[in-house]
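Have a look at coords-v3.tsv; it's TSV, N, CA and C atoms:
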```tsv
chain	number	residue	atom	x	y	z
A	1	TYR	N	0.85	-1.19	0.00
A	1	TYR	CA	0.00	0.00	0.00
A	1	TYR	C	0.89	1.24	0.00
A	2	HIS	N	0.63	2.10	-0.95
A	2	HIS	CA	1.42	3.32	-1.07
A	2	HIS	C	0.55	4.53	-0.76
A	3	LYS	N	0.89	5.27	0.28
A	3	LYS	CA	0.11	6.45	0.63
A	3	LYS	C	0.50	7.58	-0.32
A	4	ARG	N	-0.51	8.18	-0.92
A	4	ARG	CA	-0.24	9.27	-1.86
A	4	ARG	C	0.27	10.50	-1.12
A	5	CYS	N	1.03	11.28	-1.84
A	5	CYS	CA	1.52	12.54	-1.30
A	5	CYS	C	0.36	13.54	-1.31
A	6	VAL	N	0.14	14.17	-0.18
A	6	VAL	CA	-0.95	15.13	-0.06
A	6	VAL	C	-0.49	16.47	-0.62
A	7	MET	N	-1.30	17.04	-1.51
A	7	MET	CA	-0.97	18.32	-2.13
A	7	MET	C	-1.84	19.40	-1.50
A	8	ARG	N	-1.19	20.31	-0.75
A	8	ARG	CA	-1.90	21.44	-0.15
A	8	ARG	C	-1.05	22.69	-0.32
A	9	LEU	N	-1.68	23.74	-0.78
A	9	LEU	CA	-1.01	25.04	-0.94
A	9	LEU	C	-1.79	26.08	-0.17
A	10	GLU	N	-1.09	27.04	0.41
A	10	GLU	CA	-1.77	28.19	1.00
A	10	GLU	C	-1.24	29.43	0.30
A	11	LEU	N	-2.15	30.19	-0.29
A	11	LEU	CA	-1.81	31.43	-0.97
A	11	LEU	C	-2.87	32.46	-0.66
A	12	THR	N	-2.49	33.73	-0.69
A	12	THR	CA	-3.53	34.75	-0.57
A	12	THR	C	-4.37	34.68	-1.84
A	13	LEU	N	-5.59	35.18	-1.76
A	13	LEU	CA	-6.46	35.18	-2.93
A	13	LEU	C	-5.78	35.91	-4.08
A	14	LYS	N	-5.13	37.02	-3.78
A	14	LYS	CA	-4.43	37.80	-4.81
A	14	LYS	C	-3.36	36.96	-5.50
A	15	ASN	N	-2.50	36.31	-4.72
A	15	ASN	CA	-1.41	35.52	-5.30
A	15	ASN	C	-1.95	34.33	-6.09
A	16	MET	N	-3.01	33.71	-5.57
A	16	MET	CA	-3.58	32.57	-6.28
A	16	MET	C	-4.15	33.01	-7.63
A	17	LEU	N	-4.90	34.11	-7.64
A	17	LEU	CA	-5.51	34.57	-8.88
A	17	LEU	C	-4.45	35.05	-9.88
A	18	ASP	N	-3.35	35.60	-9.36
A	18	ASP	CA	-2.24	36.01	-10.24
A	18	ASP	C	-1.70	34.83	-11.04
A	19	LYS	N	-1.69	33.65	-10.42
A	19	LYS	CA	-1.10	32.48	-11.08
A	19	LYS	C	-2.10	31.38	-11.36
A	20	ILE	N	-3.38	31.76	-11.49
A	20	ILE	CA	-4.44	30.75	-11.63
A	20	ILE	C	-4.22	29.83	-12.84
A	21	GLU	N	-3.66	30.36	-13.93
A	21	GLU	CA	-3.46	29.51	-15.12
A	21	GLU	C	-2.43	28.40	-14.87
A	22	SER	N	-1.52	28.62	-13.93
A	22	SER	CA	-0.47	27.62	-13.70
A	22	SER	C	-0.89	26.55	-12.70
A	23	LEU	N	-2.06	26.70	-12.08
A	23	LEU	CA	-2.54	25.71	-11.12
A	23	LEU	C	-3.33	24.63	-11.85
A	24	ASP	N	-3.32	23.43	-11.29
A	24	ASP	CA	-4.02	22.30	-11.89
A	24	ASP	C	-5.52	22.52	-11.80
A	25	TRP	N	-6.20	22.40	-12.93
A	25	TRP	CA	-7.64	22.66	-12.99
A	25	TRP	C	-8.45	21.74	-12.08
A	26	LYS	N	-7.88	20.59	-11.69
A	26	LYS	CA	-8.62	19.63	-10.87
A	26	LYS	C	-8.64	20.01	-9.38
A	27	TRP	N	-7.80	20.96	-8.98
A	27	TRP	CA	-7.68	21.31	-7.57
A	27	TRP	C	-8.88	22.12	-7.10
A	28	ASP	N	-9.12	22.09	-5.78
A	28	ASP	CA	-10.21	22.84	-5.16
A	28	ASP	C	-9.66	23.92	-4.26
A	29	VAL	N	-10.43	24.99	-4.14
A	29	VAL	CA	-10.02	26.14	-3.32
A	29	VAL	C	-10.99	26.30	-2.16
A	30	TYR	N	-10.42	26.50	-0.98
A	30	TYR	CA	-11.19	26.71	0.25
A	30	TYR	C	-10.80	28.05	0.83
A	31	ILE	N	-11.77	28.69	1.48
A	31	ILE	CA	-11.52	29.99	2.11
A	31	ILE	C	-11.96	29.93	3.57
A	32	PRO	N	-11.41	30.82	4.40
A	32	PRO	CA	-11.81	30.83	5.82
A	32	PRO	C	-13.33	31.04	5.94
A	33	SER	N	-13.96	30.30	6.82
A	33	SER	CA	-15.41	30.33	6.97
A	33	SER	C	-15.93	31.67	7.47
A	34	ASN	N	-15.12	32.37	8.25
A	34	ASN	CA	-15.62	33.53	8.96
A	34	ASN	C	-15.02	34.85	8.47
A	35	LYS	N	-14.47	34.88	7.26
A	35	LYS	CA	-13.81	36.10	6.79
A	35	LYS	C	-14.45	36.61	5.52
A	36	GLU	N	-14.39	37.92	5.35
A	36	GLU	CA	-14.84	38.58	4.14
A	36	GLU	C	-13.90	38.18	3.00
A	37	ILE	N	-14.46	37.96	1.82
A	37	ILE	CA	-13.63	37.63	0.66
A	37	ILE	C	-12.96	38.91	0.17
A	38	ASN	N	-11.64	38.93	0.26
A	38	ASN	CA	-10.86	40.05	-0.27
A	38	ASN	C	-9.52	39.53	-0.76
A	39	ASP	N	-8.70	40.41	-1.32
A	39	ASP	CA	-7.45	39.96	-1.95
A	39	ASP	C	-6.44	39.36	-0.99
A	40	SER	N	-6.56	39.66	0.32
A	40	SER	CA	-5.54	39.18	1.25
A	40	SER	C	-5.95	37.97	2.08
A	41	ILE	N	-7.18	37.45	1.88
A	41	ILE	CA	-7.54	36.24	2.65
A	41	ILE	C	-6.66	35.08	2.18
A	42	LEU	N	-6.37	34.21	3.11
A	42	LEU	CA	-5.55	33.04	2.81
A	42	LEU	C	-6.42	31.92	2.29
A	43	CYS	N	-6.13	31.48	1.08
A	43	CYS	CA	-6.87	30.37	0.46
A	43	CYS	C	-6.09	29.07	0.65
A	44	LEU	N	-6.82	28.02	0.85
A	44	LEU	CA	-6.24	26.68	0.91
A	44	LEU	C	-6.58	26.02	-0.42
A	45	ILE	N	-5.55	25.61	-1.13
A	45	ILE	CA	-5.74	24.95	-2.42
A	45	ILE	C	-5.29	23.51	-2.24
A	46	LEU	N	-6.17	22.58	-2.56
A	46	LEU	CA	-5.76	21.18	-2.38
A	46	LEU	C	-6.25	20.30	-3.51
A	47	ASP	N	-5.55	19.22	-3.65
A	47	ASP	CA	-5.89	18.19	-4.62
A	47	ASP	C	-6.78	17.18	-3.90
A	48	ASP	N	-8.06	17.24	-4.18
A	48	ASP	CA	-9.04	16.38	-3.51
A	48	ASP	C	-8.65	14.91	-3.62
A	49	ASP	N	-8.05	14.52	-4.74
A	49	ASP	CA	-7.69	13.12	-4.95
A	49	ASP	C	-6.64	12.61	-3.97
A	50	THR	N	-5.87	13.51	-3.37
A	50	THR	CA	-4.81	13.06	-2.45
A	50	THR	C	-5.25	13.11	-0.99
A	51	GLU	N	-6.46	13.60	-0.74
A	51	GLU	CA	-6.96	13.69	0.65
A	51	GLU	C	-7.56	12.35	1.06
A	52	GLU	N	-6.96	11.73	2.07
A	52	GLU	CA	-7.42	10.41	2.51
A	52	GLU	C	-8.57	10.50	3.52
A	53	ASP	N	-8.46	11.44	4.46
A	53	ASP	CA	-9.47	11.54	5.52
A	53	ASP	C	-10.71	12.26	4.99
A	54	ARG	N	-11.85	11.54	4.98
A	54	ARG	CA	-13.08	12.07	4.39
A	54	ARG	C	-14.22	12.00	5.38
A	55	GLY	N	-15.13	12.96	5.24
A	55	GLY	CA	-16.32	12.96	6.07
A	55	GLY	C	-17.40	12.08	5.48
A	56	SER	N	-18.55	12.04	6.13
A	56	SER	CA	-19.66	11.21	5.66
A	56	SER	C	-20.18	11.69	4.31
A	57	ASP	N	-19.93	12.96	3.98
A	57	ASP	CA	-20.36	13.50	2.68
A	57	ASP	C	-19.28	13.28	1.61
A	58	ASP	N	-18.24	12.51	1.96
A	58	ASP	CA	-17.11	12.20	1.07
A	58	ASP	C	-16.27	13.44	0.71
A	59	GLU	N	-16.41	14.49	1.51
A	59	GLU	CA	-15.57	15.67	1.32
A	59	GLU	C	-14.36	15.54	2.24
A	60	PRO	N	-13.23	16.16	1.85
A	60	PRO	CA	-12.05	16.11	2.72
A	60	PRO	C	-12.33	16.76	4.08
A	61	ILE	N	-11.83	16.14	5.13
A	61	ILE	CA	-12.05	16.65	6.49
A	61	ILE	C	-11.11	17.81	6.81
A	62	TYR	N	-9.90	17.78	6.28
A	62	TYR	CA	-8.89	18.76	6.66
A	62	TYR	C	-9.35	20.22	6.58
A	63	PRO	N	-9.91	20.69	5.45
A	63	PRO	CA	-10.27	22.11	5.38
A	63	PRO	C	-11.22	22.55	6.50
A	64	THR	N	-12.29	21.77	6.74
A	64	THR	CA	-13.24	22.17	7.78
A	64	THR	C	-12.62	22.06	9.17
A	65	SER	N	-11.67	21.15	9.34
A	65	SER	CA	-11.03	21.00	10.65
A	65	SER	C	-10.19	22.22	11.02
A	66	ILE	N	-9.80	23.02	10.03
A	66	ILE	CA	-9.02	24.23	10.32
A	66	ILE	C	-9.86	25.50	10.05
A	67	GLY	N	-11.18	25.33	9.93
A	67	GLY	CA	-12.07	26.49	9.82
A	67	GLY	C	-12.25	27.04	8.41
A	68	TYR	N	-12.07	26.19	7.42
A	68	TYR	CA	-12.24	26.62	6.02
A	68	TYR	C	-13.51	26.01	5.43
A	69	LYS	N	-14.04	26.67	4.41
A	69	LYS	CA	-15.19	26.15	3.68
A	69	LYS	C	-14.85	26.12	2.20
A	70	SER	N	-15.58	25.27	1.48
A	70	SER	CA	-15.36	25.14	0.05
A	70	SER	C	-15.69	26.46	-0.64
A	71	PHE	N	-14.84	26.88	-1.57
A	71	PHE	CA	-15.05	28.12	-2.31
A	71	PHE	C	-15.39	27.76	-3.75
A	72	LEU	N	-14.40	27.64	-4.59
A	72	LEU	CA	-14.59	27.28	-5.99
A	72	LEU	C	-13.46	26.35	-6.40
A	73	SER	N	-13.60	25.72	-7.54
A	73	SER	CA	-12.49	24.91	-8.04
A	73	SER	C	-11.54	25.81	-8.84
A	74	VAL	N	-10.33	25.36	-9.02
A	74	VAL	CA	-9.38	26.10	-9.86
A	74	VAL	C	-9.97	26.22	-11.27
A	75	SER	N	-10.60	25.16	-11.74
A	75	SER	CA	-11.24	25.18	-13.05
A	75	SER	C	-12.28	26.31	-13.15
A	76	ASP	N	-13.13	26.43	-12.10
A	76	ASP	CA	-14.12	27.52	-12.07
A	76	ASP	C	-13.42	28.88	-12.17
A	77	LEU	N	-12.38	29.06	-11.37
A	77	LEU	CA	-11.68	30.34	-11.34
A	77	LEU	C	-11.00	30.65	-12.67
A	78	GLN	N	-10.46	29.62	-13.32
A	78	GLN	CA	-9.87	29.83	-14.65
A	78	GLN	C	-10.95	30.27	-15.64
A	79	SER	N	-12.13	29.66	-15.57
A	79	SER	CA	-13.24	30.03	-16.45
A	79	SER	C	-13.74	31.44	-16.15
A	80	ILE	N	-13.82	31.78	-14.88
A	80	ILE	CA	-14.26	33.12	-14.48
A	80	ILE	C	-13.30	34.17	-15.03
A	81	LYS	N	-12.01	33.91	-14.92
A	81	LYS	CA	-11.02	34.86	-15.44
A	81	LYS	C	-11.12	34.98	-16.96
A	82	SER	N	-11.25	33.86	-17.62
A	82	SER	CA	-11.38	33.86	-19.08
A	82	SER	C	-12.62	34.64	-19.52
A	83	ASN	N	-13.75	34.38	-18.85
A	83	ASN	CA	-14.99	35.07	-19.17
A	83	ASN	C	-14.86	36.58	-18.94
A	84	LEU	N	-14.25	36.95	-17.83
A	84	LEU	CA	-14.08	38.36	-17.50
A	84	LEU	C	-13.22	39.07	-18.55
A	85	LEU	N	-12.11	38.43	-18.94
A	85	LEU	CA	-11.20	39.04	-19.91
A	85	LEU	C	-11.82	39.13	-21.30
A	86	GLN	N	-12.75	38.23	-21.62
A	86	GLN	CA	-13.47	38.32	-22.89
A	86	GLN	C	-14.36	39.56	-22.90
A	87	GLN	N	-14.92	39.89	-21.73
A	87	GLN	CA	-15.79	41.06	-21.62
A	87	GLN	C	-14.99	42.36	-21.52
A	88	ASN	N	-13.84	42.29	-20.86
A	88	ASN	CA	-13.01	43.47	-20.65
A	88	ASN	C	-11.55	43.04	-20.55
A	89	SER	N	-10.82	43.22	-21.64
A	89	SER	CA	-9.44	42.76	-21.68
A	89	SER	C	-8.54	43.56	-20.72
A	90	GLU	N	-9.04	44.67	-20.22
A	90	GLU	CA	-8.27	45.51	-19.28
A	90	GLU	C	-8.54	45.15	-17.82
A	91	ALA	N	-9.44	44.20	-17.59
A	91	ALA	CA	-9.83	43.87	-16.22
A	91	ALA	C	-8.62	43.49	-15.38
A	92	GLY	N	-8.59	44.02	-14.17
A	92	GLY	CA	-7.49	43.75	-13.25
A	92	GLY	C	-7.91	42.85	-12.11
A	93	LEU	N	-7.06	42.79	-11.10
A	93	LEU	CA	-7.27	41.88	-9.98
A	93	LEU	C	-8.56	42.18	-9.22
A	94	ASN	N	-8.85	43.45	-8.98
A	94	ASN	CA	-10.06	43.79	-8.22
A	94	ASN	C	-11.31	43.32	-8.94
A	95	GLU	N	-11.33	43.50	-10.27
A	95	GLU	CA	-12.47	43.03	-11.06
A	95	GLU	C	-12.56	41.51	-11.02
A	96	LEU	N	-11.41	40.85	-11.04
A	96	LEU	CA	-11.39	39.39	-11.00
A	96	LEU	C	-11.92	38.88	-9.65
A	97	ILE	N	-11.53	39.54	-8.57
A	97	ILE	CA	-12.03	39.15	-7.25
A	97	ILE	C	-13.54	39.36	-7.19
A	98	SER	N	-14.02	40.49	-7.72
A	98	SER	CA	-15.47	40.75	-7.75
A	98	SER	C	-16.19	39.70	-8.58
A	99	ALA	N	-15.61	39.33	-9.72
A	99	ALA	CA	-16.22	38.31	-10.58
A	99	ALA	C	-16.26	36.95	-9.87
A	100	ALA	N	-15.19	36.61	-9.15
A	100	ALA	CA	-15.15	35.34	-8.41
A	100	ALA	C	-16.18	35.34	-7.28
A	101	LYS	N	-16.29	36.45	-6.55
A	101	LYS	CA	-17.30	36.56	-5.49
A	101	LYS	C	-18.70	36.43	-6.09
A	102	TYR	N	-18.94	37.09	-7.21
A	102	TYR	CA	-20.24	37.05	-7.86
A	102	TYR	C	-20.59	35.61	-8.25
A	103	TYR	N	-19.61	34.93	-8.85
A	103	TYR	CA	-19.84	33.55	-9.28
A	103	TYR	C	-20.14	32.66	-8.07
A	104	TYR	N	-19.37	32.85	-7.00
A	104	TYR	CA	-19.54	32.06	-5.78
A	104	TYR	C	-20.94	32.26	-5.20
A	105	GLU	N	-21.41	33.52	-5.20
A	105	GLU	CA	-22.70	33.83	-4.59
A	105	GLU	C	-23.89	33.53	-5.50
A	106	ASN	N	-23.70	33.59	-6.82
A	106	ASN	CA	-24.82	33.48	-7.76
A	106	ASN	C	-24.75	32.27	-8.69
A	107	ASP	N	-23.63	31.53	-8.63
A	107	ASP	CA	-23.41	30.40	-9.52
A	107	ASP	C	-23.60	30.80	-11.00
A	108	ALA	N	-23.09	31.99	-11.32
A	108	ALA	CA	-23.19	32.50	-12.68
A	108	ALA	C	-22.06	33.49	-12.93
A	109	PHE	N	-21.69	33.64	-14.19
A	109	PHE	CA	-20.67	34.62	-14.54
A	109	PHE	C	-21.22	36.03	-14.37
A	110	ILE	N	-20.35	36.93	-13.97
A	110	ILE	CA	-20.74	38.33	-13.85
A	110	ILE	C	-20.88	38.91	-15.26
A	111	ASN	N	-21.81	39.82	-15.42
A	111	ASN	CA	-22.00	40.48	-16.71
A	111	ASN	C	-21.64	41.95	-16.52
A	112	ILE	N	-20.59	42.38	-17.18
A	112	ILE	CA	-20.13	43.75	-17.02
A	112	ILE	C	-20.86	44.64	-18.02
A	113	ASN	N	-21.58	45.60	-17.48
A	113	ASN	CA	-22.23	46.59	-18.37
A	113	ASN	C	-21.25	47.71	-18.62
A	114	ARG	N	-20.99	47.94	-19.89
A	114	ARG	CA	-20.01	49.00	-20.22
A	114	ARG	C	-20.69	50.32	-20.41
```
For this file, write the structure as structure tokens.
Amino acid sequence: YHKRCVMRLELTLKNMLDKIESLDWKWDVYIPSNKEINDSILCLILDDDTEEDRGSDDEPIYPTSIGYKSFLSVSDLQSIKSNLLQQNSEAGLNELISAAKYYYENDAFININR
């Protein structure tokens, strides 16, 4: 029996979004349960496939054990960034954070009215 290597990264939301294209699309992102979503919150990025300890809902136990909740997948965030840049190629980090928050809260892409 070979125990898989657990993949966990901690990055601020800003740093993660800066390098979102270089992260594996299969990874999941968790955020602190009790904090406002902003550029400096610490995100936990993990590879769900390497997490052995699971709850009854088959979700990894580690994030909730340290006070984190599921946010979005890296794949979602890559799509959100792509969608945002299609609407406004000048969009910066603040717009990207707003678009990610919007997607998280509404399960839909933000629509920028110009």
Report task. May I have all residues of chain A that DSSP, computed from the backbone, assigns to alpha helix (DSSP H), given as a ChimeraX atom specification? Result -> /A:13-18,61-65,74-87,93-106
Please produce an output containing N, CA and C atoms for each residue in the selection, written as a compact mmCIF listing (two decimals), in the coordinates of the input.
```
# COMPACT_ATOMS: atom_id res chain seq x y z
N LEU A 13 -5.59 35.18 -1.76
CA LEU A 13 -6.46 35.18 -2.93
C LEU A 13 -5.78 35.91 -4.08
N LYS A 14 -5.13 37.02 -3.78
CA LYS A 14 -4.43 37.80 -4.81
C LYS A 14 -3.36 36.96 -5.50
N ASN A 15 -2.50 36.31 -4.72
CA ASN A 15 -1.41 35.52 -5.30
C ASN A 15 -1.95 34.33 -6.09
N MET A 16 -3.01 33.71 -5.57
CA MET A 16 -3.58 32.57 -6.28
C MET A 16 -4.15 33.01 -7.63
N LEU A 17 -4.90 34.11 -7.64
CA LEU A 17 -5.51 34.57 -8.88
C LEU A 17 -4.45 35.05 -9.88
N ASP A 18 -3.35 35.60 -9.36
CA ASP A 18 -2.24 36.01 -10.24
C ASP A 18 -1.70 34.83 -11.04
N ILE A 61 -11.83 16.14 5.13
CA ILE A 61 -12.05 16.65 6.49
C ILE A 61 -11.11 17.81 6.81
N TYR A 62 -9.90 17.78 6.28
CA TYR A 62 -8.89 18.76 6.66
C TYR A 62 -9.35 20.22 6.58
N PRO A 63 -9.91 20.69 5.45
CA PRO A 63 -10.27 22.11 5.38
C PRO A 63 -11.22 22.55 6.50
N THR A 64 -12.29 21.77 6.74
CA THR A 64 -13.24 22.17 7.78
C THR A 64 -12.62 22.06 9.17
N SER A 65 -11.67 21.15 9.34
CA SER A 65 -11.03 21.00 10.65
C SER A 65 -10.19 22.22 11.02
N VAL A 74 -10.33 25.36 -9.02
CA VAL A 74 -9.38 26.10 -9.86
C VAL A 74 -9.97 26.22 -11.27
N SER A 75 -10.60 25.16 -11.74
CA SER A 75 -11.24 25.18 -13.05
C SER A 75 -12.28 26.31 -13.15
N ASP A 76 -13.13 26.43 -12.10
CA ASP A 76 -14.12 27.52 -12.07
C ASP A 76 -13.42 28.88 -12.17
N LEU A 77 -12.38 29.06 -11.37
CA LEU A 77 -11.68 30.34 -11.34
C LEU A 77 -11.00 30.65 -12.67
N GLN A 78 -10.46 29.62 -13.32
CA GLN A 78 -9.87 29.83 -14.65
C GLN A 78 -10.95 30.27 -15.64
N SER A 79 -12.13 29.66 -15.57
CA SER A 79 -13.24 30.03 -16.45
C SER A 79 -13.74 31.44 -16.15
N ILE A 80 -13.82 31.78 -14.88
CA ILE A 80 -14.26 33.12 -14.48
C ILE A 80 -13.30 34.17 -15.03
N LYS A 81 -12.01 33.91 -14.92
CA LYS A 81 -11.02 34.86 -15.44
C LYS A 81 -11.12 34.98 -16.96
N SER A 82 -11.25 33.86 -17.62
CA SER A 82 -11.38 33.86 -19.08
C SER A 82 -12.62 34.64 -19.52
N ASN A 83 -13.75 34.38 -18.85
CA ASN A 83 -14.99 35.07 -19.17
C ASN A 83 -14.86 36.58 -18.94
N LEU A 84 -14.25 36.95 -17.83
CA LEU A 84 -14.08 38.36 -17.50
C LEU A 84 -13.22 39.07 -18.55
N LEU A 85 -12.11 38.43 -18.94
CA LEU A 85 -11.20 39.04 -19.91
C LEU A 85 -11.82 39.13 -21.30
N GLN A 86 -12.75 38.23 -21.62
CA GLN A 86 -13.47 38.32 -22.89
C GLN A 86 -14.36 39.56 -22.90
N GLN A 87 -14.92 39.89 -21.73
CA GLN A 87 -15.79 41.06 -21.62
C GLN A 87 -14.99 42.36 -21.52
N LEU A 93 -7.06 42.79 -11.10
CA LEU A 93 -7.27 41.88 -9.98
C LEU A 93 -8.56 42.18 -9.22
N ASN A 94 -8.85 43.45 -8.98
CA ASN A 94 -10.06 43.79 -8.22
C ASN A 94 -11.31 43.32 -8.94
N GLU A 95 -11.33 43.50 -10.27
CA GLU A 95 -12.47 43.03 -11.06
C GLU A 95 -12.56 41.51 -11.02
N LEU A 96 -11.41 40.85 -11.04
CA LEU A 96 -11.39 39.39 -11.00
C LEU A 96 -11.92 38.88 -9.65
N ILE A 97 -11.53 39.54 -8.57
CA ILE A 97 -12.03 39.15 -7.25
C ILE A 97 -13.54 39.36 -7.19
N SER A 98 -14.02 40.49 -7.72
CA SER A 98 -15.47 40.75 -7.75
C SER A 98 -16.19 39.70 -8.58
N ALA A 99 -15.61 39.33 -9.72
CA ALA A 99 -16.22 38.31 -10.58
C ALA A 99 -16.26 36.95 -9.87
N ALA A 100 -15.19 36.61 -9.15
CA ALA A 100 -15.15 35.34 -8.41
C ALA A 100 -16.18 35.34 -7.28
N LYS A 101 -16.29 36.45 -6.55
CA LYS A 101 -17.30 36.56 -5.49
C LYS A 101 -18.70 36.43 -6.09
N TYR A 102 -18.94 37.09 -7.21
CA TYR A 102 -20.24 37.05 -7.86
C TYR A 102 -20.59 35.61 -8.25
N TYR A 103 -19.61 34.93 -8.85
CA TYR A 103 -19.84 33.55 -9.28
C TYR A 103 -20.14 32.66 -8.07
N TYR A 104 -19.37 32.85 -7.00
CA TYR A 104 -19.54 32.06 -5.78
C TYR A 104 -20.94 32.26 -5.20
N GLU A 105 -21.41 33.52 -5.20
CA GLU A 105 -22.70 33.83 -4.59
C GLU A 105 -23.89 33.53 -5.50
N ASN A 106 -23.70 33.59 -6.82
CA ASN A 106 -24.82 33.48 -7.76
C ASN A 106 -24.75 32.27 -8.69
```
Requested in this report: Within chain A, find each residue whose DSSP state, derived from the backbone, is strand (DSSP E), and express the selection as JSON, numbers by chain.
Outcome: {"A": [8, 9, 10, 11, 12, 28, 29, 30, 31, 32, 42, 43, 44, 45, 46, 68, 69, 70, 71, 72, 73]}
At a cut-off of 7 Å, can you tabulate as JSON lines every residue of range 56-110 of chain A near range 11-25 of chain A together with its closest atom pair and the distance in Å to one decimal, using only C-alpha atoms and ordering rows by chain then number?
```
{"residue": "A:Val74", "atom": "CA", "partner": "A:Trp25", "partner_atom": "CA", "distance": 5.0}
{"residue": "A:Ser75", "atom": "CA", "partner": "A:Trp25", "partner_atom": "CA", "distance": 4.4}
{"residue": "A:Gln78", "atom": "CA", "partner": "A:Ile20", "partner_atom": "CA", "distance": 6.3}
```
How big is the axis-aligned box around the listed atoms of range 91-104 of chain A once 3 Å is added on each side, and where is its centre? Give both in Å to one decimal, as JSON.
```
{"center_x": -14.0, "center_y": 38.1, "center_z": -11.4, "size_x": 19.9, "size_y": 18.1, "size_z": 18.4}
```
Report summary line: Expressed in Å, the length from atom N of Lys69 in chain A to atom N of Ala99 in chain A is 19.0 Å
Query raised in the report: What is the distance between CA of Trp27 in chain A and atom N of Asn111 in chain A, in Å to one decimal?
Result: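 Taking CA of Trp27 in chain A as the start and atom N of Asn111 in chain A as the end point, the length is 24.6 Å.
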Query - atom C of Glu51 in chain A to atom C of Ile80 in chain A, straight-line distance in Å - result: 27.7 Å
Query raised in the report: Which of these, A:Val29, A:Ile112, A:Cys5, A:Ala100, has the shortest distance to Glu52 in chain A once you count only C-alpha atoms?
Result: A:Cys5
Report task. Could you check which of A:Asp28, A:Asp107, A:Glu90, A:Glu10 is closest to Leu46 in chain A, using all atoms listed in the file? Result ->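 The closest residue to Leu46 in chain A is A:Asp28.
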Requested in this report: In the coordinates of the file, take the point (-10.6, 39.2, -18.2) and a cut-off of 12 Å; then, counting only C-alpha atoms, name each qualifying protein, DNA or RNA residue as a PyMOL selection string.
Outcome: chain A and resi 17-18+77-100+109-112
